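A.B. asks: File query32.cif follows (mmCIF, C-alpha atoms):
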data_start
#
loop_
_atom_site.label_atom_id
_atom_site.label_comp_id
_atom_site.auth_asym_id
_atom_site.auth_seq_id
_atom_site.Cartn_x
_atom_site.Cartn_y
_atom_site.Cartn_z
CA MET A 172 179.11 39.71 -1.47
CA THR A 173 182.20 41.90 -1.70
CA GLY A 174 180.60 45.21 -0.80
CA ALA A 175 178.20 47.89 -2.00
CA SER A 176 180.44 49.28 -4.75
CA ALA A 177 179.48 46.51 -7.17
CA GLY A 178 175.73 46.91 -6.61
CA PRO A 179 173.30 46.65 -9.52
CA GLN A 180 172.92 50.41 -9.97
CA SER A 181 176.61 51.09 -10.57
CA LEU A 182 176.80 48.15 -12.95
CA VAL A 183 173.91 49.42 -15.04
CA SER A 184 175.08 53.00 -15.28
CA SER A 185 178.58 52.12 -16.49
CA LYS A 186 177.36 49.99 -19.42
CA GLU A 187 176.49 52.93 -21.66
CA LEU A 188 176.84 53.66 -25.34
CA GLU A 189 176.29 57.01 -27.03
CA LEU A 190 174.91 56.96 -30.57
CA TRP A 191 175.64 60.16 -32.50
CA PHE A 192 173.52 60.14 -35.65
CA GLU A 193 171.77 62.21 -38.29
CA PHE A 194 168.61 61.31 -40.22
CA GLY A 195 170.12 62.34 -43.56
CA SER A 196 172.96 59.83 -43.23
CA ASN A 197 172.48 56.46 -44.93
CA TYR A 198 174.96 54.62 -42.72
CA SER A 199 173.17 56.06 -39.68
CA TYR A 200 170.08 54.32 -41.05
CA LEU A 201 171.77 50.92 -40.63
CA SER A 202 172.73 51.64 -37.02
CA VAL A 203 169.47 53.29 -35.97
CA MET A 204 167.55 50.24 -37.17
CA ARG A 205 169.84 47.74 -35.44
CA ILE A 206 171.06 49.37 -32.26
CA GLU A 207 168.21 49.01 -29.79
CA GLY A 208 168.05 45.25 -30.24
CA LEU A 209 171.82 44.82 -29.98
CA ALA A 210 172.08 47.08 -26.93
CA ALA A 211 169.19 45.36 -25.16
CA ARG A 212 170.66 41.90 -25.72
CA ALA A 213 174.03 43.07 -24.40
CA GLY A 214 172.51 44.84 -21.38
CA VAL A 215 173.87 48.19 -22.59
CA ARG A 216 172.07 51.48 -21.97
CA LEU A 217 171.71 53.59 -25.07
CA LEU A 218 172.12 57.39 -25.15
CA TRP A 219 170.68 59.00 -28.30
CA ARG A 220 172.72 61.98 -29.52
CA PRO A 221 171.21 63.59 -32.63
CA PHE A 222 173.50 66.18 -34.24
CA LEU A 223 173.74 67.97 -37.59
CA LEU A 224 176.26 66.60 -40.06
CA GLY A 225 176.02 69.61 -42.38
CA PRO A 226 177.93 72.06 -40.15
CA ILE A 227 180.59 69.39 -39.50
CA PHE A 228 181.11 68.87 -43.24
CA LYS A 229 181.10 72.65 -43.80
CA SER A 230 183.89 72.99 -41.23
CA PHE A 231 185.99 70.73 -43.51
CA GLY A 232 185.16 72.99 -46.47
CA TRP A 233 182.65 70.52 -47.96
CA GLU A 234 179.37 71.85 -49.29
CA SER A 235 177.67 68.43 -49.23
CA SER A 236 178.17 64.77 -48.31
CA PRO A 237 181.43 63.19 -49.50
CA PHE A 238 179.17 60.65 -51.26
CA VAL A 239 177.92 63.51 -53.43
CA LEU A 240 181.27 65.32 -53.79
CA GLN A 241 183.33 62.21 -54.68
CA ALA A 242 181.75 60.57 -57.72
CA ALA A 243 183.55 57.21 -57.45
CA LYS A 244 182.78 56.80 -53.77
CA GLY A 245 179.21 57.95 -54.32
CA ALA A 246 178.64 55.34 -57.02
CA TYR A 247 179.96 52.65 -54.70
CA VAL A 248 177.97 53.65 -51.63
CA TRP A 249 174.57 52.82 -53.14
CA LYS A 250 175.73 49.36 -54.15
CA ASP A 251 177.19 48.89 -50.68
CA MET A 252 173.92 49.99 -49.06
CA GLU A 253 171.96 47.42 -51.08
CA ARG A 254 174.25 44.64 -49.96
CA GLN A 255 174.40 45.82 -46.35
CA CYS A 256 170.62 46.03 -46.10
CA ARG A 257 170.32 42.52 -47.52
CA LYS A 258 172.88 41.31 -44.96
CA TYR A 259 171.03 42.92 -42.05
CA ASN A 260 167.61 42.05 -43.43
CA LEU A 261 166.57 45.69 -43.73
CA GLU A 262 164.39 47.21 -46.41
CA TRP A 263 166.07 49.69 -48.73
CA ALA A 264 165.25 52.10 -51.53
CA ARG A 265 167.84 54.58 -52.71
CA PRO A 266 166.55 58.06 -51.87
CA THR A 267 165.91 60.26 -54.89
CA THR A 268 167.10 63.24 -52.80
CA PHE A 269 170.38 62.86 -50.95
CA PRO A 270 171.30 63.93 -48.40
CA ARG A 271 167.82 64.88 -47.20
CA ARG A 272 167.42 67.90 -44.92
CA ALA A 273 166.28 66.70 -41.53
CA LEU A 274 166.20 69.76 -39.27
CA LEU A 275 162.72 69.26 -37.83
CA PRO A 276 163.01 65.53 -37.06
CA MET A 277 166.51 66.13 -35.61
CA ARG A 278 165.06 68.76 -33.28
CA ILE A 279 162.29 66.37 -32.24
CA ALA A 280 164.82 63.60 -31.64
CA LEU A 281 166.85 65.94 -29.44
CA LEU A 282 163.77 66.90 -27.47
CA GLY A 283 162.77 63.27 -27.03
CA ALA A 284 166.24 61.80 -26.61
CA SER A 285 165.49 60.46 -23.12
CA GLN A 286 161.87 59.51 -23.80
CA PRO A 287 160.71 55.91 -24.18
CA TRP A 288 159.55 56.66 -27.76
CA ILE A 289 162.92 57.87 -29.08
CA GLY A 290 163.98 54.57 -30.66
CA GLU A 291 160.75 54.00 -32.53
CA PHE A 292 160.52 57.64 -33.60
CA CYS A 293 164.03 57.49 -35.07
CA ARG A 294 163.34 54.23 -36.89
CA GLN A 295 160.16 55.64 -38.42
CA VAL A 296 161.97 58.76 -39.69
CA MET A 297 164.70 56.58 -41.18
CA LEU A 298 162.18 54.32 -42.92
CA LEU A 299 160.47 57.37 -44.43
CA ASN A 300 163.80 58.54 -45.86
CA PHE A 301 165.46 55.26 -46.88
CA VAL A 302 162.53 52.97 -47.68
CA GLU A 303 159.57 55.19 -48.60
CA ASP A 304 161.78 57.81 -50.26
CA ARG A 305 159.82 60.68 -48.76
CA ASP A 306 160.99 64.05 -47.53
CA ILE A 307 161.36 64.16 -43.77
CA ASP A 308 161.92 67.83 -43.00
CA ASN A 309 158.29 68.91 -42.76
CA VAL A 310 155.48 69.10 -40.21
CA GLU A 311 153.30 66.54 -42.05
CA SER A 312 155.83 63.71 -41.89
CA ALA A 313 156.74 64.45 -38.28
CA SER A 314 153.08 64.66 -37.22
CA GLU A 315 152.24 61.43 -38.97
CA ILE A 316 154.95 59.58 -37.07
CA LEU A 317 154.23 61.17 -33.70
CA VAL A 318 150.46 60.60 -33.97
CA ALA A 319 151.02 56.96 -34.91
CA LEU A 320 153.06 56.66 -31.70
CA GLY A 321 150.10 58.07 -29.73
CA LEU A 322 151.98 61.28 -28.87
CA PRO A 323 150.78 64.91 -28.75
CA ALA A 324 152.29 65.86 -32.10
CA GLN A 325 151.44 69.56 -32.11
CA GLU A 326 152.87 70.18 -28.65
CA ILE A 327 156.04 68.26 -29.38
CA ILE A 328 156.62 70.03 -32.70
CA ARG A 329 155.99 73.42 -31.08
CA GLU A 330 158.53 72.73 -28.36
CA ALA A 331 161.00 71.24 -30.84
CA GLU A 332 160.82 74.41 -32.95
CA ALA A 333 161.10 76.78 -30.00
CA GLU A 334 164.28 78.83 -29.69
CA PRO A 335 165.82 77.00 -26.69
CA ASN A 336 165.62 73.62 -28.43
CA LYS A 337 167.00 74.99 -31.70
CA LEU A 338 169.90 76.39 -29.73
CA ARG A 339 170.45 73.08 -27.96
CA LEU A 340 170.80 71.28 -31.31
CA ARG A 341 173.39 73.80 -32.46
CA GLU A 342 175.24 73.29 -29.17
CA GLN A 343 175.03 69.51 -29.48
CA THR A 344 176.56 69.80 -32.97
CA LEU A 345 179.40 71.93 -31.63
CA ARG A 346 179.95 69.33 -28.92
CA ALA A 347 180.19 66.62 -31.58
CA ALA A 348 182.88 68.61 -33.38
CA ASP A 349 184.73 69.21 -30.10
CA ARG A 350 184.78 65.50 -29.42
CA GLY A 351 186.29 64.73 -32.81
CA VAL A 352 183.17 63.50 -34.61
CA PHE A 353 183.70 63.75 -38.38
CA GLY A 354 180.89 61.53 -39.70
CA ALA A 355 177.85 59.52 -38.73
CA PRO A 356 177.04 57.23 -37.12
CA THR A 357 179.63 57.65 -34.38
CA PHE A 358 179.61 55.78 -31.08
CA PHE A 359 181.26 56.64 -27.77
CA VAL A 360 181.93 54.09 -25.06
CA GLN A 361 183.96 55.16 -22.02
CA GLY A 362 185.35 58.07 -23.99
CA GLU A 363 186.48 55.85 -26.87
CA MET A 364 185.17 56.84 -30.27
CA PHE A 365 184.00 54.36 -32.92
CA TRP A 366 183.08 55.58 -36.39
CA GLY A 367 180.63 53.93 -38.74
CA ASN A 368 177.97 51.25 -38.66
CA ASP A 369 180.74 48.69 -39.23
CA ARG A 370 181.99 49.39 -35.70
CA LEU A 371 178.62 49.07 -33.92
CA GLU A 372 179.27 45.51 -32.75
CA ASP A 373 182.76 46.42 -31.48
CA ALA A 374 181.35 49.40 -29.56
CA ILE A 375 178.59 47.29 -28.01
CA ALA A 376 181.13 44.63 -27.04
CA LEU A 377 183.30 47.19 -25.25
CA ALA A 378 180.30 48.63 -23.42
CA ALA A 379 179.07 45.17 -22.40
CA ALA A 380 182.52 44.14 -21.16
CA ASP A 381 182.67 47.20 -18.94
CA MET B 190 177.92 12.73 -63.35
CA THR B 191 176.00 15.48 -65.11
CA GLY B 192 178.54 16.31 -67.80
CA ALA B 193 181.88 17.95 -68.36
CA SER B 194 180.75 21.55 -67.86
CA ALA B 195 180.82 21.27 -64.04
CA GLY B 196 184.29 19.72 -63.95
CA PRO B 197 186.76 20.70 -61.24
CA GLN B 198 188.60 23.22 -63.41
CA SER B 199 185.57 25.40 -64.13
CA LEU B 200 184.54 25.27 -60.48
CA VAL B 201 187.94 26.45 -59.33
CA SER B 202 188.25 29.26 -61.81
CA SER B 203 184.89 30.84 -60.95
CA LYS B 204 185.62 31.13 -57.21
CA GLU B 205 187.97 34.06 -57.55
CA LEU B 206 188.60 37.21 -55.59
CA GLU B 207 190.76 40.15 -56.69
CA LEU B 208 192.62 42.04 -53.96
CA TRP B 209 193.61 45.57 -55.01
CA PHE B 210 196.06 46.90 -52.44
CA GLU B 211 198.94 49.26 -51.76
CA PHE B 212 201.77 48.82 -49.23
CA GLY B 213 201.42 52.38 -47.92
CA SER B 214 197.80 51.83 -46.91
CA ASN B 215 197.16 50.86 -43.28
CA TYR B 216 193.80 49.23 -43.96
CA SER B 217 195.44 47.22 -46.74
CA TYR B 218 197.75 45.90 -44.02
CA LEU B 219 194.78 44.30 -42.22
CA SER B 220 193.57 42.58 -45.39
CA VAL B 221 196.96 41.48 -46.68
CA MET B 222 197.67 39.77 -43.37
CA ARG B 223 194.29 38.01 -43.22
CA ILE B 224 193.28 37.24 -46.77
CA GLU B 225 195.26 34.12 -47.69
CA GLY B 226 193.94 32.19 -44.72
CA LEU B 227 190.35 33.27 -45.30
CA ALA B 228 190.49 32.55 -49.03
CA ALA B 229 192.06 29.13 -48.50
CA ARG B 230 189.44 28.09 -45.96
CA ALA B 231 186.66 29.21 -48.31
CA GLY B 232 188.19 27.53 -51.35
CA VAL B 233 188.57 30.88 -53.12
CA ARG B 234 191.41 31.64 -55.52
CA LEU B 235 193.14 34.92 -54.79
CA LEU B 236 194.34 37.34 -57.48
CA TRP B 237 196.84 39.91 -56.19
CA ARG B 238 196.44 43.34 -57.80
CA PRO B 239 198.99 45.86 -56.53
CA PHE B 240 198.29 49.44 -57.64
CA LEU B 241 199.40 52.93 -56.65
CA LEU B 242 197.03 54.89 -54.45
CA GLY B 243 198.89 58.20 -54.92
CA PRO B 244 197.75 58.83 -58.52
CA ILE B 245 194.17 57.89 -57.57
CA PHE B 246 194.17 60.42 -54.73
CA LYS B 247 195.80 63.01 -56.99
CA SER B 248 192.97 62.53 -59.51
CA PHE B 249 190.59 63.67 -56.73
CA GLY B 250 192.77 66.74 -56.15
CA TRP B 251 194.30 65.33 -52.94
CA GLU B 252 198.01 65.70 -52.34
CA SER B 253 198.13 62.98 -49.69
CA SER B 254 196.05 60.39 -47.84
CA PRO B 255 192.70 61.64 -46.49
CA PHE B 256 194.01 60.48 -43.09
CA VAL B 257 196.67 63.17 -43.39
CA LEU B 258 194.47 65.82 -45.02
CA GLN B 259 191.52 65.48 -42.59
CA ALA B 260 192.83 66.02 -39.07
CA ALA B 261 189.79 64.61 -37.21
CA LYS B 262 189.66 61.46 -39.32
CA GLY B 263 193.43 61.08 -39.09
CA ALA B 264 193.36 61.21 -35.29
CA TYR B 265 190.67 58.54 -35.26
CA VAL B 266 192.31 56.16 -37.70
CA TRP B 267 195.28 55.35 -35.47
CA LYS B 268 193.03 54.52 -32.56
CA ASP B 269 190.90 52.39 -34.87
CA MET B 270 193.98 50.55 -36.16
CA GLU B 271 195.06 49.70 -32.61
CA ARG B 272 191.67 48.20 -31.84
CA GLN B 273 191.37 46.41 -35.19
CA CYS B 274 194.80 44.83 -34.82
CA ARG B 275 193.88 43.65 -31.33
CA LYS B 276 190.65 42.19 -32.70
CA TYR B 277 192.45 40.33 -35.49
CA ASN B 278 195.40 39.40 -33.31
CA LEU B 279 197.87 41.32 -35.47
CA GLU B 280 200.92 43.21 -34.30
CA TRP B 281 200.83 46.96 -34.74
CA ALA B 282 203.06 50.01 -34.37
CA ARG B 283 201.95 53.34 -35.77
CA PRO B 284 204.37 54.28 -38.55
CA THR B 285 206.38 57.43 -37.90
CA THR B 286 206.14 58.18 -41.65
CA PHE B 287 202.71 57.97 -43.25
CA PRO B 288 201.87 57.19 -45.93
CA ARG B 289 205.16 55.50 -46.78
CA ARG B 290 206.34 55.48 -50.39
CA ALA B 291 206.28 51.93 -51.69
CA LEU B 292 207.18 52.12 -55.38
CA LEU B 293 209.84 49.38 -55.39
CA PRO B 294 207.92 46.78 -53.36
CA MET B 295 204.78 47.53 -55.41
CA ARG B 296 206.73 46.85 -58.59
CA ILE B 297 208.07 43.59 -57.11
CA ALA B 298 204.57 42.57 -56.05
CA LEU B 299 203.30 43.22 -59.57
CA LEU B 300 206.11 41.15 -61.05
CA GLY B 301 205.45 38.31 -58.61
CA ALA B 302 201.65 38.56 -58.50
CA SER B 303 201.17 35.02 -59.84
CA GLN B 304 204.15 33.48 -58.04
CA PRO B 305 203.79 31.18 -55.03
CA TRP B 306 205.77 33.65 -52.88
CA ILE B 307 203.48 36.65 -53.44
CA GLY B 308 201.47 36.28 -50.23
CA GLU B 309 204.47 35.93 -47.95
CA PHE B 310 206.34 38.73 -49.75
CA CYS B 311 203.40 41.10 -49.26
CA ARG B 312 203.00 40.20 -45.58
CA GLN B 313 206.71 40.81 -44.95
CA VAL B 314 206.59 44.25 -46.59
CA MET B 315 203.51 45.13 -44.54
CA LEU B 316 205.17 44.01 -41.30
CA LEU B 317 208.20 46.17 -42.08
CA ASN B 318 205.95 49.22 -42.52
CA PHE B 319 203.31 48.68 -39.82
CA VAL B 320 205.15 46.71 -37.13
CA GLU B 321 208.86 47.45 -37.52
CA ASP B 322 208.24 51.06 -38.61
CA ARG B 323 210.92 50.90 -41.31
CA ASP B 324 211.01 52.47 -44.72
CA ILE B 325 210.06 50.04 -47.47
CA ASP B 326 210.90 51.87 -50.67
CA ASN B 327 214.54 50.86 -50.93
CA VAL B 328 216.68 48.04 -52.31
CA GLU B 329 217.94 46.97 -48.85
CA SER B 330 214.48 46.20 -47.44
CA ALA B 331 213.33 44.49 -50.61
CA SER B 332 216.50 42.37 -50.81
CA GLU B 333 216.27 41.37 -47.18
CA ILE B 334 212.74 40.05 -47.69
CA LEU B 335 213.43 38.32 -51.00
CA VAL B 336 216.62 36.66 -49.72
CA ALA B 337 214.80 35.41 -46.62
CA LEU B 338 212.30 33.80 -48.99
CA GLY B 339 215.15 32.05 -50.80
CA LEU B 340 214.65 34.08 -53.97
CA PRO B 341 217.19 35.64 -56.39
CA ALA B 342 216.80 39.15 -55.01
CA GLN B 343 219.06 40.98 -57.46
CA GLU B 344 217.42 39.49 -60.54
CA ILE B 345 213.92 40.16 -59.26
CA ILE B 346 214.72 43.77 -58.34
CA ARG B 347 216.39 44.36 -61.71
CA GLU B 348 213.32 43.06 -63.56
CA ALA B 349 210.95 44.94 -61.26
CA GLU B 350 212.78 48.20 -62.00
CA ALA B 351 212.95 47.63 -65.73
CA GLU B 352 210.89 49.89 -67.98
CA PRO B 353 208.24 47.32 -69.05
CA ASN B 354 207.35 46.49 -65.44
CA LYS B 355 207.25 50.17 -64.40
CA LEU B 356 204.86 50.78 -67.27
CA ARG B 357 202.70 47.82 -66.26
CA LEU B 358 202.27 49.27 -62.76
CA ARG B 359 201.16 52.60 -64.20
CA GLU B 360 198.71 50.73 -66.45
CA GLN B 361 197.41 48.66 -63.54
CA THR B 362 196.79 51.89 -61.62
CA LEU B 363 194.87 53.35 -64.56
CA ARG B 364 192.83 50.15 -64.70
CA ALA B 365 191.99 50.55 -61.01
CA ALA B 366 190.71 54.07 -61.66
CA ASP B 367 188.69 52.86 -64.67
CA ARG B 368 187.03 50.22 -62.55
CA GLY B 369 185.97 52.77 -59.94
CA VAL B 370 188.59 52.05 -57.28
CA PHE B 371 188.90 55.06 -54.94
CA GLY B 372 190.75 53.56 -51.97
CA ALA B 373 192.49 50.45 -50.68
CA PRO B 374 191.99 47.66 -50.04
CA THR B 375 189.34 47.03 -52.68
CA PHE B 376 188.02 43.61 -53.63
CA PHE B 377 186.29 42.46 -56.82
CA VAL B 378 184.18 39.33 -57.02
CA GLN B 379 182.24 38.64 -60.23
CA GLY B 380 182.53 42.30 -61.17
CA GLU B 381 181.13 43.48 -57.83
CA MET B 382 183.32 45.93 -55.94
CA PHE B 383 183.83 45.86 -52.16
CA TRP B 384 185.78 48.63 -50.47
CA GLY B 385 187.73 48.33 -47.25
CA ASN B 386 189.00 45.63 -44.95
CA ASP B 387 185.59 45.66 -43.25
CA ARG B 388 184.11 44.10 -46.40
CA LEU B 389 186.68 41.30 -46.79
CA GLU B 390 184.44 38.64 -45.22
CA ASP B 391 181.46 39.71 -47.37
CA ALA B 392 183.59 39.53 -50.53
CA ILE B 393 184.93 36.08 -49.60
CA ALA B 394 181.40 34.86 -48.86
CA LEU B 395 180.18 36.00 -52.29
CA ALA B 396 183.13 34.32 -54.02
CA ALA B 397 182.64 31.10 -52.05
CA ALA B 398 178.90 31.01 -52.81
CA ASP B 399 179.61 31.30 -56.50
#
The structure in this file should be written as structure tokens.
C.D. replies:
Amino acid sequence: MTGASAGPQSLVSSKELELWFEFGSNYSYLSVMRIEGLAARAGVRLLWRPFLLGPIFKSFGWESSPFVLQAAKGAYVWKDMERQCRKYNLEWARPTTFPRRALLPMRIALLGASQPWIGEFCRQVMLLNFVEDRDIDNVESASEILVALGLPAQEIIREAEAEPNKLRLREQTLRAADRGVFGAPTFFVQGEMFWGNDRLEDAIALAAAD
Amino acid sequence: MTGASAGPQSLVSSKELELWFEFGSNYSYLSVMRIEGLAARAGVRLLWRPFLLGPIFKSFGWESSPFVLQAAKGAYVWKDMERQCRKYNLEWARPTTFPRRALLPMRIALLGASQPWIGEFCRQVMLLNFVEDRDIDNVESASEILVALGLPAQEIIREAEAEPNKLRLREQTLRAADRGVFGAPTFFVQGEMFWGNDRLEDAIALAAAD
């Protein structure tokens, strides 16, 4: 009624939330499993931003996850994960390898970030890591998931592993660092950064209020 | 009706929550301001456990708060505090000195941990640090707060600074480390540890369900 500037298209495009995540990260698991439902209910468009946590931690001088390097925090985190999964009604098994390497599935997620299958692909990788306790950085696991989604697994894996896509993931990781990302999951809404699964609801609320 | 074992006294004593906190810690500020109201509404008895974060951090090889040592996380934390305080309807001013030394008020809090004035004393110290941006580790600030509460400030400060109470605070800090505390605030309910203001509601819920 008040003019074209408030049309449906501009409304939709401004309600956006970026999810920066990594398949090796246990708190990313909580957000990856929950975020599509929350975003859909709030009318918020989700932008998937896979990046590698390893190089970020290395830039701080850390050779692994702080949950591995700090014994007291590490001991706590697994108890916290149990309780959080119970709270959110998510399955959970503590991975026997942590953090798991996830280069191949991260590359696939980057390649498919704008595809309709991205959400389900990411959830399936997370379930493999944090419920089935299986390694995720191999062609077998990736194929299994992609085939189950009815996708051309071989083609996707070939393109994911091609040089341009590898480079793009390195660039995306540099961009994360440039934007101040220091852990995962991290959310951006209108340039504001939110760190950790505990802030997912706050980030969604800001995006929805936009 | 079913016997003396479920009498009111045993019910009360089992619904307990320990709050381990430090006046220099900004996330402790959020919990100290909120906890008495939440605990009262849930019928949970609160046990105040002041301890020193400095020696805990030193035991990890850190010379200061991780918010000082990690630049990216530090930059984020102040933005997060602004938003969290808005969410909880708390006043907030970023302290010009961080983390503030708090040895005297910590000793007073330990001395008064079971007194009826402990909650209000702790809130006033927190407001001085995180709203009024004033130093808190001095006799003037402590006296001002104690006198406003109608308490014998000089006596309390003398006893707080006496050798037995100083020793007790060091012992309490060692006990924190023994129990796996690695940051503040930390809550214990029935031997379960919860770390961070974000877990306050979960800890209260467990205590209330007891």
A.B. asks: Which is closer to Ile227 of chain A than all the others in A:Glu193, A:Gly290, A:Gln325, A:Glu262, using all atoms listed in the file?
C.D. replies: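 The closest residue to Ile227 of chain A is A:Glu193.
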A.B. asks: Convert the output of the PyMOL selection byres ((chain A and resi 232-237) around 12) on the shown file into explicit residues, formatted as a ChimeraX atom specification.
C.D. replies: /A:195-197,224-231,238-248,269-272,353-355 /B:249,255,258-259
A.B. asks: What would the selection look like, as a PyMOL selection string, if the PyMOL selection byres ((chain A and resi 204) around 9) were run on the coordinates I just shared?
C.D. replies: chain A and resi 199-203+205-208+261+290+293-294+297-298
A.B. asks: Between A:Trp249, A:Trp288, A:Phe301, A:Tyr198, single out the one closest to Leu322 of chain A, counting only C-alpha atoms.
C.D. replies: A:Trp288
A.B. asks: Check which residues satisfy the PyMOL selection byres ((chain A and resi 370) around 10) in the file shown, then give them as a PyMOL selection string.
C.D. replies: (chain A and resi 202+356-358+364-369+371-376) or (chain B and resi 269+273+387)
A.B. asks: Taking all atoms listed in the file into account, name the residue in B:Lys268, B:Val378, B:Arg323, B:Ala231 that is nearest to chain A.
C.D. replies: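 Smallest distance to chain A is found for B:Lys268.
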A.B. asks: For the atom pair atom CA of Ala210 of chain A and atom CA of Lys186 of chain A, what is the interatomic distance in Å to one decimal place?
C.D. replies: 9.6 Å
